[in-house]
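Trainee: Enclosed is the structure file query_7.pdb (PDB, C-alpha atoms and all ligand atoms).
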```pdb
ATOM      1  CA  MET A   1      22.437  44.767  46.366
ATOM      2  CA  PRO A   2      21.106  45.834  42.939
ATOM      3  CA  ARG A   3      17.825  44.242  41.934
ATOM      4  CA  THR A   4      17.824  42.154  38.753
ATOM      5  CA  HIS A   5      15.332  43.661  36.430
ATOM      6  CA  ILE A   6      14.046  41.726  33.432
ATOM      7  CA  SER A   7      11.869  43.843  31.286
ATOM      8  CA  LYS A   8       8.927  42.521  29.267
ATOM      9  CA  SER A   9      10.848  43.092  26.048
ATOM     10  CA  HIS A  10      13.655  40.818  27.309
ATOM     11  CA  THR A  11      11.159  38.082  28.067
ATOM     12  CA  ARG A  12       9.675  38.391  24.605
ATOM     13  CA  ILE A  13      13.133  38.154  23.018
ATOM     14  CA  TYR A  14      13.901  35.082  25.112
ATOM     15  CA  TYR A  15      10.725  33.269  23.968
ATOM     16  CA  LEU A  16      11.273  34.351  20.381
ATOM     17  CA  LEU A  17      14.811  32.905  20.424
ATOM     18  CA  LEU A  18      13.488  29.709  21.980
ATOM     19  CA  TYR A  19      10.818  29.434  19.281
ATOM     20  CA  LEU A  20      13.383  30.044  16.502
ATOM     21  CA  TYR A  21      15.752  27.493  18.019
ATOM     22  CA  ASN A  22      12.963  24.922  18.009
ATOM     23  CA  LEU A  23      11.841  25.813  14.488
ATOM     24  CA  LEU A  24      15.236  26.128  12.805
ATOM     25  CA  ILE A  25      17.384  23.650  14.725
ATOM     26  CA  LEU A  26      15.407  21.010  16.614
ATOM     27  CA  ARG A  27      12.631  20.323  14.079
ATOM     28  CA  PRO A  28      14.959  19.896  11.071
ATOM     29  CA  ILE A  29      17.163  17.547  13.110
ATOM     30  CA  HIS A  30      14.113  15.515  14.141
ATOM     31  CA  TYR A  31      12.910  15.383  10.533
ATOM     32  CA  LEU A  32      16.333  14.258   9.272
ATOM     33  CA  LEU A  33      16.510  11.537  11.908
ATOM     34  CA  LEU A  34      13.084  10.229  10.861
ATOM     35  CA  LEU A  35      14.107  10.335   7.209
ATOM     36  CA  HIS A  36      17.272   8.425   7.976
ATOM     37  CA  LYS A  37      15.319   5.809   9.931
ATOM     38  CA  ARG A  38      12.866   5.333   7.032
ATOM     39  CA  HIS A  39      15.706   4.873   4.582
ATOM     40  CA  ILE A  40      17.400   2.313   6.782
ATOM     41  CA  LEU A  41      14.151   0.357   7.167
ATOM     42  CA  GLN A  42      13.218   0.603   3.517
ATOM     43  CA  PHE A  43      16.535  -0.544   2.152
ATOM     44  CA  GLN A  44      17.331  -3.205   4.684
ATOM     45  CA  PRO A  45      18.083  -6.471   2.880
ATOM     46  CA  VAL A  46      14.871  -8.370   2.315
ATOM     47  CA  THR A  47      14.794 -11.862   0.997
ATOM     48  CA  TYR A  48      12.172 -14.470   0.444
ATOM     49  CA  HIS A  49      13.822 -17.791  -0.085
ATOM     50  CA  CYS A  50      12.140 -19.204  -3.152
ATOM     51  CA  PRO A  51      13.799 -22.444  -4.256
ATOM     52  CA  PRO A  52      13.087 -23.482  -7.859
ATOM     53  CA  PRO A  53       9.966 -25.657  -8.101
ATOM     54  CA  SER A  54      10.465 -29.400  -8.507
ATOM     55  CA  LYS A  55       9.838 -31.021 -11.917
ATOM     56  CA  LEU A  56       6.472 -32.248 -10.688
ATOM     57  CA  CYS A  57       5.462 -28.764  -9.542
ATOM     58  CA  LEU A  58       6.614 -27.247 -12.814
ATOM     59  CA  SER A  59       4.613 -29.718 -14.885
ATOM     60  CA  GLN A  60       1.571 -29.005 -12.690
ATOM     61  CA  LEU A  61       2.119 -25.271 -13.140
ATOM     62  CA  ARG A  62       2.345 -25.561 -16.915
ATOM     63  CA  LYS A  63      -1.090 -27.199 -17.034
ATOM     64  CA  LEU A  64      -2.659 -24.210 -15.290
ATOM     65  CA  PRO A  65      -3.495 -20.874 -16.901
ATOM     66  CA  ILE A  66      -1.816 -17.899 -15.258
ATOM     67  CA  LYS A  67      -3.860 -16.436 -12.435
ATOM     68  CA  THR A  68      -4.695 -12.793 -11.810
ATOM     69  CA  LEU A  69      -3.754 -11.077  -8.588
ATOM     70  CA  VAL A  70      -5.806  -7.947  -7.891
ATOM     71  CA  LEU A  71      -4.306  -5.376  -5.528
ATOM     72  CA  ASP A  72      -6.097  -2.595  -3.731
ATOM     73  CA  LEU A  73      -4.204   0.703  -3.363
ATOM     74  CA  ASP A  74      -5.012   2.875  -0.324
ATOM     75  CA  GLU A  75      -4.092   1.400   3.055
ATOM     76  CA  THR A  76      -3.126  -1.834   1.278
ATOM     77  CA  LEU A  77      -0.075  -0.740  -0.748
ATOM     78  CA  ILE A  78       0.252   2.920   0.253
ATOM     79  CA  HIS A  79      -1.125   5.610   2.524
ATOM     80  CA  SER A  80      -1.499   9.236   1.471
ATOM     81  CA  GLN A  81      -2.359  12.428   3.294
ATOM     82  CA  HIS A  82      -2.521  16.161   2.676
ATOM     83  CA  ASN A  83       0.011  17.249   5.259
ATOM     84  CA  CYS A  84       3.549  16.052   5.614
ATOM     85  CA  ILE A  85       4.349  15.390   9.266
ATOM     86  CA  ILE A  86       6.856  12.638   8.741
ATOM     87  CA  PRO A  87       9.135  12.109   5.715
ATOM     88  CA  TYR A  88       7.206  10.823   2.715
ATOM     89  CA  ASP A  89       8.260   8.683  -0.252
ATOM     90  CA  PHE A  90       6.884  10.938  -2.981
ATOM     91  CA  SER A  91       4.225  13.547  -3.539
ATOM     92  CA  ILE A  92       1.673  14.061  -6.289
ATOM     93  CA  ASN A  93      -0.255  17.103  -7.349
ATOM     94  CA  VAL A  94      -3.575  16.323  -9.015
ATOM     95  CA  LYS A  95      -6.808  18.144  -9.676
ATOM     96  CA  ILE A  96      -9.696  16.918  -7.533
ATOM     97  CA  ASP A  97     -12.991  18.508  -8.618
ATOM     98  CA  GLY A  98     -10.926  21.048 -10.547
ATOM     99  CA  ILE A  99      -8.891  22.044  -7.493
ATOM    100  CA  PRO A 100      -5.118  21.363  -7.501
ATOM    101  CA  THR A 101      -4.460  19.121  -4.518
ATOM    102  CA  GLN A 102      -1.198  17.916  -3.054
ATOM    103  CA  PHE A 103      -0.889  14.417  -1.590
ATOM    104  CA  TYR A 104       2.111  13.117   0.314
ATOM    105  CA  VAL A 105       2.429   9.382  -0.280
ATOM    106  CA  TYR A 106       3.952   6.705   1.942
ATOM    107  CA  LYS A 107       4.738   3.278   0.553
ATOM    108  CA  ARG A 108       3.935   0.296   2.744
ATOM    109  CA  PRO A 109       7.177  -1.341   3.897
ATOM    110  CA  HIS A 110       8.602  -3.864   1.416
ATOM    111  CA  LEU A 111       6.221  -2.771  -1.365
ATOM    112  CA  ASP A 112       8.852  -2.762  -4.125
ATOM    113  CA  PHE A 113      10.111  -6.208  -3.202
ATOM    114  CA  PHE A 114       6.542  -7.533  -2.928
ATOM    115  CA  LEU A 115       5.597  -6.274  -6.402
ATOM    116  CA  LYS A 116       8.730  -7.732  -7.919
ATOM    117  CA  MET A 117       8.025 -11.166  -6.430
ATOM    118  CA  VAL A 118       4.287 -11.441  -7.156
ATOM    119  CA  SER A 119       4.664 -10.167 -10.703
ATOM    120  CA  GLU A 120       6.817 -13.233 -11.383
ATOM    121  CA  TRP A 121       3.954 -15.477 -10.278
ATOM    122  CA  TYR A 122       0.796 -13.652 -11.392
ATOM    123  CA  TYR A 123      -0.747 -11.230 -13.852
ATOM    124  CA  VAL A 124      -1.008  -8.295 -11.446
ATOM    125  CA  VAL A 125      -3.648  -5.595 -11.711
ATOM    126  CA  LEU A 126      -4.607  -2.648  -9.534
ATOM    127  CA  PHE A 127      -8.235  -2.163  -8.532
ATOM    128  CA  THR A 128      -8.954   0.856  -6.377
ATOM    129  CA  ALA A 129     -12.065   2.679  -5.287
ATOM    130  CA  SER A 130     -10.142   5.941  -5.586
ATOM    131  CA  LEU A 131     -10.488   8.457  -8.401
ATOM    132  CA  GLU A 132      -8.597   7.727 -11.595
ATOM    133  CA  THR A 133      -6.550  10.976 -11.604
ATOM    134  CA  TYR A 134      -5.319  10.378  -8.060
ATOM    135  CA  ALA A 135      -4.703   6.610  -8.341
ATOM    136  CA  ASN A 136      -3.096   6.820 -11.764
ATOM    137  CA  ALA A 137      -0.581   9.385 -10.533
ATOM    138  CA  ILE A 138       0.356   7.153  -7.602
ATOM    139  CA  ALA A 139       0.513   3.949  -9.654
ATOM    140  CA  THR A 140       2.792   5.705 -12.135
ATOM    141  CA  GLN A 141       5.168   6.630  -9.334
ATOM    142  CA  ILE A 142       5.147   3.102  -7.914
ATOM    143  CA  ASP A 143       5.547   1.338 -11.244
ATOM    144  CA  PRO A 144       6.399   3.884 -13.978
ATOM    145  CA  THR A 145       6.765   1.416 -16.858
ATOM    146  CA  GLN A 146       3.943  -0.955 -15.763
ATOM    147  CA  LYS A 147       6.559  -3.651 -15.404
ATOM    148  CA  TYR A 148       4.754  -5.148 -12.403
ATOM    149  CA  ILE A 149       1.173  -3.843 -12.469
ATOM    150  CA  LYS A 150      -0.200  -4.549 -15.923
ATOM    151  CA  LYS A 151      -3.620  -2.945 -15.695
ATOM    152  CA  ARG A 152      -5.443  -0.413 -13.550
ATOM    153  CA  TYR A 153      -9.115  -0.197 -12.527
ATOM    154  CA  PHE A 154     -10.596   2.757 -10.695
ATOM    155  CA  ARG A 155     -13.650   4.059  -8.846
ATOM    156  CA  HIS A 156     -15.751   4.216 -11.992
ATOM    157  CA  ASN A 157     -15.206   0.451 -12.405
ATOM    158  CA  CYS A 158     -16.681  -0.225  -8.935
ATOM    159  CA  SER A 159     -20.335  -0.646  -8.090
ATOM    160  CA  VAL A 160     -21.670   1.456  -5.270
ATOM    161  CA  ASP A 161     -24.401   1.032  -2.666
ATOM    162  CA  PHE A 162     -25.069   2.298   0.861
ATOM    163  CA  THR A 163     -22.140   0.241   2.281
ATOM    164  CA  GLY A 164     -19.575   1.718  -0.074
ATOM    165  CA  TYR A 165     -17.689   0.738  -3.214
ATOM    166  CA  THR A 166     -17.613  -2.904  -4.287
ATOM    167  CA  LYS A 167     -15.187  -4.438  -6.760
ATOM    168  CA  ASP A 168     -16.647  -7.063  -9.058
ATOM    169  CA  LEU A 169     -13.769  -9.331 -10.034
ATOM    170  CA  LYS A 170     -15.721 -10.677 -13.004
ATOM    171  CA  ILE A 171     -15.075  -7.485 -14.942
ATOM    172  CA  ILE A 172     -11.402  -8.474 -14.910
ATOM    173  CA  GLN A 173     -11.638 -12.247 -15.188
ATOM    174  CA  LYS A 174     -14.837 -14.218 -15.812
ATOM    175  CA  ASP A 175     -13.305 -17.453 -14.497
ATOM    176  CA  LEU A 176     -13.291 -16.921 -10.738
ATOM    177  CA  SER A 177     -11.142 -19.998 -10.160
ATOM    178  CA  ARG A 178      -8.104 -18.002 -11.226
ATOM    179  CA  ILE A 179      -8.467 -14.551  -9.773
ATOM    180  CA  PHE A 180      -8.294 -13.150  -6.249
ATOM    181  CA  ILE A 181      -7.914  -9.808  -4.510
ATOM    182  CA  ILE A 182      -5.884  -8.466  -1.598
ATOM    183  CA  ASP A 183      -7.787  -5.621   0.014
ATOM    184  CA  ASN A 184      -7.997  -3.974   3.434
ATOM    185  CA  SER A 185     -11.714  -3.307   3.040
ATOM    186  CA  PRO A 186     -14.160  -6.262   3.288
ATOM    187  CA  THR A 187     -16.809  -4.123   1.560
ATOM    188  CA  ALA A 188     -14.667  -4.081  -1.567
ATOM    189  CA  TYR A 189     -14.851  -7.843  -2.043
ATOM    190  CA  LYS A 190     -18.201  -8.639  -0.474
ATOM    191  CA  GLY A 191     -19.409  -9.932  -3.852
ATOM    192  CA  ASN A 192     -16.501 -12.387  -4.080
ATOM    193  CA  PRO A 193     -15.556 -13.321  -0.501
ATOM    194  CA  ASP A 194     -14.083 -16.677  -1.565
ATOM    195  CA  ASN A 195     -11.641 -14.826  -3.809
ATOM    196  CA  ALA A 196     -10.188 -12.505  -1.214
ATOM    197  CA  ILE A 197      -7.245 -12.234   1.109
ATOM    198  CA  PRO A 198      -7.879  -9.657   3.821
ATOM    199  CA  ILE A 199      -5.005  -7.445   4.898
ATOM    200  CA  LYS A 200      -4.668  -5.114   7.848
ATOM    201  CA  SER A 201      -5.078  -1.425   6.969
ATOM    202  CA  TRP A 202      -1.727   0.339   6.899
ATOM    203  CA  TYR A 203      -1.175   3.969   7.799
ATOM    204  CA  ALA A 204       2.304   4.652   9.101
ATOM    205  CA  ASP A 205       3.888   1.733  10.923
ATOM    206  CA  ASN A 206       7.447   1.460   9.625
ATOM    207  CA  ASN A 207       7.782  -2.014  11.106
ATOM    208  CA  ASP A 208       4.785  -3.451   9.267
ATOM    209  CA  GLN A 209       5.547  -6.769   7.544
ATOM    210  CA  CYS A 210       2.131  -7.762   6.178
ATOM    211  CA  LEU A 211       3.246  -7.750   2.540
ATOM    212  CA  LEU A 212       6.216  -9.959   3.319
ATOM    213  CA  GLU A 213       4.076 -12.313   5.358
ATOM    214  CA  LEU A 214       1.733 -12.846   2.407
ATOM    215  CA  LEU A 215       4.470 -14.158   0.118
ATOM    216  CA  PRO A 216       4.365 -17.830   1.224
ATOM    217  CA  ILE A 217       0.597 -18.164   0.636
ATOM    218  CA  LEU A 218       0.851 -16.299  -2.669
ATOM    219  CA  ASP A 219       3.707 -18.519  -3.729
ATOM    220  CA  ALA A 220       1.581 -21.584  -2.954
ATOM    221  CA  LEU A 221      -1.705 -20.351  -4.447
ATOM    222  CA  ARG A 222      -0.353 -20.326  -7.984
ATOM    223  CA  PHE A 223      -0.268 -24.149  -7.849
ATOM    224  CA  THR A 224      -3.981 -24.520  -7.077
ATOM    225  CA  LYS A 225      -6.581 -25.308  -9.708
ATOM    226  CA  ASP A 226      -9.120 -23.100  -8.015
ATOM    227  CA  VAL A 227      -8.016 -20.367  -5.607
ATOM    228  CA  ARG A 228     -11.403 -20.545  -3.874
ATOM    229  CA  SER A 229     -10.625 -24.052  -2.595
ATOM    230  CA  VAL A 230      -8.064 -22.433  -0.284
ATOM    231  CA  LEU A 231      -9.319 -18.892   0.196
ATOM    232  CA  LYS A 232     -12.824 -19.793   1.327
ATOM    233  CA  ARG A 233     -11.171 -21.138   4.489
ATOM    234  CA  ASN A 234     -10.097 -17.544   5.154
ATOM    235  CA  ILE A 235     -13.585 -16.213   5.548
ATOM    236  CA  HIS A 236     -13.472 -15.997   9.360
ATOM    237  CA  LEU A 237     -10.662 -13.442   9.012
ATOM    238  CA  HIS A 238     -12.640 -10.988   6.931
ATOM    239  CA  SER A 239     -14.195  -9.194   9.862
ATOM    240  CA  LEU A 240     -10.981  -8.908  11.874
ATOM    241  CA  TRP A 241      -9.481  -5.959  10.109
TER     242      TRP A 241
HETATM  243 MG    MG B 301      -8.063   0.238   0.597
END
```
Let's see the structure in the file written out as structure tokens.
Mentor:
Amino acid sequence: MPRTHISKSHTRIYYLLLYLYNLLILRPIHYLLLLHKRHILQFQPVTYHCPPPSKLCLSQLRKLPIKTLVLDLDETLIHSQHNCIIPYDFSINVKIDGIPTQFYVYKRPHLDFFLKMVSEWYYVVLFTASLETYANAIATQIDPTQKYIKKRYFRHNCSVDFTGYTKDLKIIQKDLSRIFIIDNSPTAYKGNPDNAIPIKSWYADNNDQCLLELLPILDALRFTKDVRSVLKRNIHLHSLW
């Protein structure tokens, strides 16, 4: 019986073909499946049932000045990274310390719907501890015409100490009864803990619903005279995230 002889060159060809099959066939298919899944999740019908306020509520609302909702950016509304392992929503190319840098950006699930809803209830501003060039590029992609987010504040508007960057809400609104912040970092609002709603840091979970879950409390807060009367009850949550 003749002996089967597999030379070293045949083995190399076999592994090369296997590698190419993985690179050119399996990986693109996996990527496309992930992309498809993200699209399905992102565009699934989302509703927040918001019946029109009663006459009493409307008259109460008219007596109150519009409140300001401050939104953090990174890990609250979006997550960005340098490499693109899973399909991203958009990318930006900005200069950081003079070096062109690419960021792949992922929007937290239901972000567009969230911004649309809260901008009907509040004067919405962005306050991030990130650099202006980076955050501006992202905010422009999220809300190109500033239809929802009316103003932007950046790292140079924060104060800094050994714990990190802190956001003083008084630079936006002197009357603290009508301003509050949603931020994943307790350090950011340590100067105004009674004006904060903590939110879990978001990185990649496609099933995250934190933004949706905030809508009922945000809907209700606009009817309060002083947001602190409600939010100071939240203080035990600040250390959980
Ligand atoms: Mg953050």
Trainee: In file coordinates, which residues lie within 10 Å of (-15.9, 3.1, -1.5) using all atoms listed in the file, given as a list in words?
Mentor: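 Residues lying no farther than 10 Å from the given point: Thr128, Ala129, Ser130, Arg155, Cys158, Ser159, Val160, Asp161, Phe162, Thr163, Gly164, Tyr165, Thr166, Lys167, Ser185, Thr187 and Ala188 of chain A.
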Trainee: Each residue of range 117-216 of chain A lying at most 7 Å from range 48-69 of chain A should get a row with its shortest atom-to-atom pair and the distance in Å to one decimal, counting all atoms listed in the file; could you produce that, ordered by chain and increasing number, as a tab-separated table?
Mentor:
```
residue	atom	partner	partner_atom	distance
A:Tyr122	CA	A:Lys67	CA	5.5
A:Tyr123	CA	A:Thr68	CA	4.7
A:Val124	CA	A:Leu69	CA	4.8
A:Val125	CA	A:Leu69	CA	6.3
A:Arg178	CA	A:Lys67	CA	4.7
A:Ile179	CA	A:Thr68	CA	4.6
A:Phe180	CA	A:Leu69	CA	5.5
A:Ile181	CA	A:Leu69	CA	6.0
```
Trainee: Rank nothing, just name the residue among A:Leu126, A:Leu17, A:Ile99, A:Val94 nearest to ligand MG 301 (chain B), using all atoms listed in the file.
Mentor: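 With all atoms listed in the file as the atom set, the closest residue is A:Leu126.
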Trainee: Compute the set of protein, DNA and RNA residues whose minimum atom distance to ligand MG 301 (chain B) is at most 8 Å, using only C-alpha atoms and all ligand atoms, and state it as a PDB file with C-alpha atoms, in the frame of the given file.
Mentor:
```pdb
ATOM      1  CA  ASP A  72      -6.097  -2.595  -3.731  1.00  0.00           C
ATOM      2  CA  LEU A  73      -4.204   0.703  -3.363  1.00  0.00           C
ATOM      3  CA  ASP A  74      -5.012   2.875  -0.324  1.00  0.00           C
ATOM      4  CA  GLU A  75      -4.092   1.400   3.055  1.00  0.00           C
ATOM      5  CA  THR A  76      -3.126  -1.834   1.278  1.00  0.00           C
ATOM      6  CA  THR A 128      -8.954   0.856  -6.377  1.00  0.00           C
ATOM      7  CA  ALA A 129     -12.065   2.679  -5.287  1.00  0.00           C
ATOM      8  CA  ASP A 183      -7.787  -5.621   0.014  1.00  0.00           C
ATOM      9  CA  ASN A 184      -7.997  -3.974   3.434  1.00  0.00           C
ATOM     10  CA  SER A 185     -11.714  -3.307   3.040  1.00  0.00           C
ATOM     11  CA  SER A 201      -5.078  -1.425   6.969  1.00  0.00           C
TER      12      SER A 201
END
```
Trainee: Tell me, as a PyMOL selection string, which residues lie within 10 Å of Tyr148 in chain A, counting all atoms listed in the file; anything in the same chain fewer than 3 positions away does not count.
Mentor: chain A and resi 112+114-120+122-125+142-145+151
Trainee: Just give me the gap between CA of Asn234 in chain A and CA of Tyr203 in chain A in Å, one decimal is fine.
Mentor: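 Rounded to one decimal, the two atoms are 23.4 Å apart.
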Trainee: Could you work out how far CA of Tyr88 in chain A lies from CA of Tyr21 in chain A, giving the answer in Å with one decimal?
Mentor: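 These two atoms are separated by 24.2 Å.
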Trainee: Just give me the gap between CA of Lys95 in chain A and CA of Thr133 in chain A in Å, one decimal is fine.
Mentor: 7.4 Å
Trainee: My list of candidates is A:Trp121, A:Asn157, A:Pro109, A:Ala139. Which is closest to Glu213 in chain A when distances are computed with only C-alpha atoms?
Mentor: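 Checking each candidate against Glu213 in chain A, we get A:Pro109 as the closest.
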Trainee: Box time for range 53-71 of chain A: axis-aligned, enclosing all its listed atoms, 6 Å extra on each side; report centre and edge lengths in Å to one decimal, as lines of an AutoDock Vina configuration file.
Mentor:
```
center_x = 2.3
center_y = -18.8
center_z = -11.3
size_x = 28.3
size_y = 38.9
size_z = 23.5
```
Trainee: I would like the residues chosen by the PyMOL selection byres (((chain A and resi 193-195) around 8) and not hetatm) on the shown file; could you give them as a list in words?
Mentor: Leu176, Ile179, Phe180, Ile181, Tyr189, Lys190, Gly191, Asn192, Ala196, Ile197, Val227, Arg228, Leu231, Lys232, Asn234 and Ile235 of chain A
Trainee: My list of candidates is A:Val105, A:Val230, A:Leu24, A:Ile172. Which is closest to Leu218 in chain A when distances are computed with all atoms listed in the file?
Mentor: A:Val230
Trainee: Tell me which of A:Tyr106, A:Phe127, A:Trp202, A:Phe223 sits closest to Ser177 in chain A, counting only C-alpha atoms.
Mentor: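 Ranked by minimum distance to Ser177 in chain A, first place goes to A:Phe223.
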Trainee: Nearest to Leu211 in chain A: which of A:Ile182, A:Leu33, A:Ala137, A:Ile85 is it, counting only C-alpha atoms?
Mentor: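 Using only C-alpha atoms, the shortest distance to Leu211 in chain A belongs to A:Ile182.
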Trainee: For Leu131 in chain A, which residue among A:Ile78, A:Leu16, A:Leu111, A:Ile96 is the nearest when counting all atoms listed in the file?
Mentor: A:Ile96
Trainee: Could you rebuild range 13-36 of chain A with N, CA and C atoms and give it back as a PDB file, in the frame of the given file?
Mentor:
```
ATOM      1  N   ILE A  13      11.967  38.558  23.831  1.00  0.00           N
ATOM      2  CA  ILE A  13      13.133  38.154  23.018  1.00  0.00           C
ATOM      3  C   ILE A  13      13.556  36.725  23.372  1.00  0.00           C
ATOM      4  N   TYR A  14      13.511  36.426  24.674  1.00  0.00           N
ATOM      5  CA  TYR A  14      13.901  35.082  25.112  1.00  0.00           C
ATOM      6  C   TYR A  14      12.991  34.023  24.476  1.00  0.00           C
ATOM      7  N   TYR A  15      11.663  34.256  24.534  1.00  0.00           N
ATOM      8  CA  TYR A  15      10.725  33.269  23.968  1.00  0.00           C
ATOM      9  C   TYR A  15      10.823  33.206  22.448  1.00  0.00           C
ATOM     10  N   LEU A  16      11.113  34.339  21.838  1.00  0.00           N
ATOM     11  CA  LEU A  16      11.273  34.351  20.381  1.00  0.00           C
ATOM     12  C   LEU A  16      12.489  33.509  19.970  1.00  0.00           C
ATOM     13  N   LEU A  17      13.596  33.689  20.729  1.00  0.00           N
ATOM     14  CA  LEU A  17      14.811  32.905  20.424  1.00  0.00           C
ATOM     15  C   LEU A  17      14.564  31.409  20.636  1.00  0.00           C
ATOM     16  N   LEU A  18      13.815  31.118  21.694  1.00  0.00           N
ATOM     17  CA  LEU A  18      13.488  29.709  21.980  1.00  0.00           C
ATOM     18  C   LEU A  18      12.655  29.102  20.844  1.00  0.00           C
ATOM     19  N   TYR A  19      11.675  29.894  20.380  1.00  0.00           N
ATOM     20  CA  TYR A  19      10.818  29.434  19.281  1.00  0.00           C
ATOM     21  C   TYR A  19      11.645  29.201  18.014  1.00  0.00           C
ATOM     22  N   LEU A  20      12.548  30.175  17.711  1.00  0.00           N
ATOM     23  CA  LEU A  20      13.383  30.044  16.502  1.00  0.00           C
ATOM     24  C   LEU A  20      14.337  28.857  16.608  1.00  0.00           C
ATOM     25  N   TYR A  21      14.850  28.633  17.802  1.00  0.00           N
ATOM     26  CA  TYR A  21      15.752  27.493  18.019  1.00  0.00           C
ATOM     27  C   TYR A  21      15.014  26.182  17.736  1.00  0.00           C
ATOM     28  N   ASN A  22      13.774  26.127  18.229  1.00  0.00           N
ATOM     29  CA  ASN A  22      12.963  24.922  18.009  1.00  0.00           C
ATOM     30  C   ASN A  22      12.642  24.744  16.526  1.00  0.00           C
ATOM     31  N   LEU A  23      12.267  25.864  15.896  1.00  0.00           N
ATOM     32  CA  LEU A  23      11.841  25.813  14.488  1.00  0.00           C
ATOM     33  C   LEU A  23      13.011  25.523  13.542  1.00  0.00           C
ATOM     34  N   LEU A  24      14.136  26.201  13.780  1.00  0.00           N
ATOM     35  CA  LEU A  24      15.236  26.128  12.805  1.00  0.00           C
ATOM     36  C   LEU A  24      16.274  25.046  13.121  1.00  0.00           C
ATOM     37  N   ILE A  25      16.347  24.640  14.368  1.00  0.00           N
ATOM     38  CA  ILE A  25      17.384  23.650  14.725  1.00  0.00           C
ATOM     39  C   ILE A  25      16.768  22.300  15.075  1.00  0.00           C
ATOM     40  N   LEU A  26      15.892  22.304  16.107  1.00  0.00           N
ATOM     41  CA  LEU A  26      15.407  21.010  16.614  1.00  0.00           C
ATOM     42  C   LEU A  26      14.516  20.280  15.618  1.00  0.00           C
ATOM     43  N   ARG A  27      13.559  20.991  15.010  1.00  0.00           N
ATOM     44  CA  ARG A  27      12.631  20.323  14.079  1.00  0.00           C
ATOM     45  C   ARG A  27      13.345  19.735  12.866  1.00  0.00           C
ATOM     46  N   PRO A  28      14.239  20.516  12.198  1.00  0.00           N
ATOM     47  CA  PRO A  28      14.959  19.896  11.071  1.00  0.00           C
ATOM     48  C   PRO A  28      15.765  18.669  11.477  1.00  0.00           C
ATOM     49  N   ILE A  29      16.382  18.716  12.666  1.00  0.00           N
ATOM     50  CA  ILE A  29      17.163  17.547  13.110  1.00  0.00           C
ATOM     51  C   ILE A  29      16.241  16.341  13.300  1.00  0.00           C
ATOM     52  N   HIS A  30      15.085  16.595  13.923  1.00  0.00           N
ATOM     53  CA  HIS A  30      14.113  15.515  14.141  1.00  0.00           C
ATOM     54  C   HIS A  30      13.642  14.932  12.809  1.00  0.00           C
ATOM     55  N   TYR A  31      13.370  15.819  11.861  1.00  0.00           N
ATOM     56  CA  TYR A  31      12.910  15.383  10.533  1.00  0.00           C
ATOM     57  C   TYR A  31      13.979  14.531   9.841  1.00  0.00           C
ATOM     58  N   LEU A  32      15.241  15.000   9.919  1.00  0.00           N
ATOM     59  CA  LEU A  32      16.333  14.258   9.272  1.00  0.00           C
ATOM     60  C   LEU A  32      16.537  12.883   9.912  1.00  0.00           C
ATOM     61  N   LEU A  33      16.373  12.836  11.227  1.00  0.00           N
ATOM     62  CA  LEU A  33      16.510  11.537  11.908  1.00  0.00           C
ATOM     63  C   LEU A  33      15.426  10.563  11.456  1.00  0.00           C
ATOM     64  N   LEU A  34      14.190  11.078  11.327  1.00  0.00           N
ATOM     65  CA  LEU A  34      13.084  10.229  10.861  1.00  0.00           C
ATOM     66  C   LEU A  34      13.329   9.750   9.436  1.00  0.00           C
ATOM     67  N   LEU A  35      13.821  10.681   8.604  1.00  0.00           N
ATOM     68  CA  LEU A  35      14.107  10.335   7.209  1.00  0.00           C
ATOM     69  C   LEU A  35      15.163   9.239   7.138  1.00  0.00           C
ATOM     70  N   HIS A  36      16.186   9.406   7.948  1.00  0.00           N
ATOM     71  CA  HIS A  36      17.272   8.425   7.976  1.00  0.00           C
ATOM     72  C   HIS A  36      16.738   7.051   8.415  1.00  0.00           C
TER      73      HIS A  36
END
```
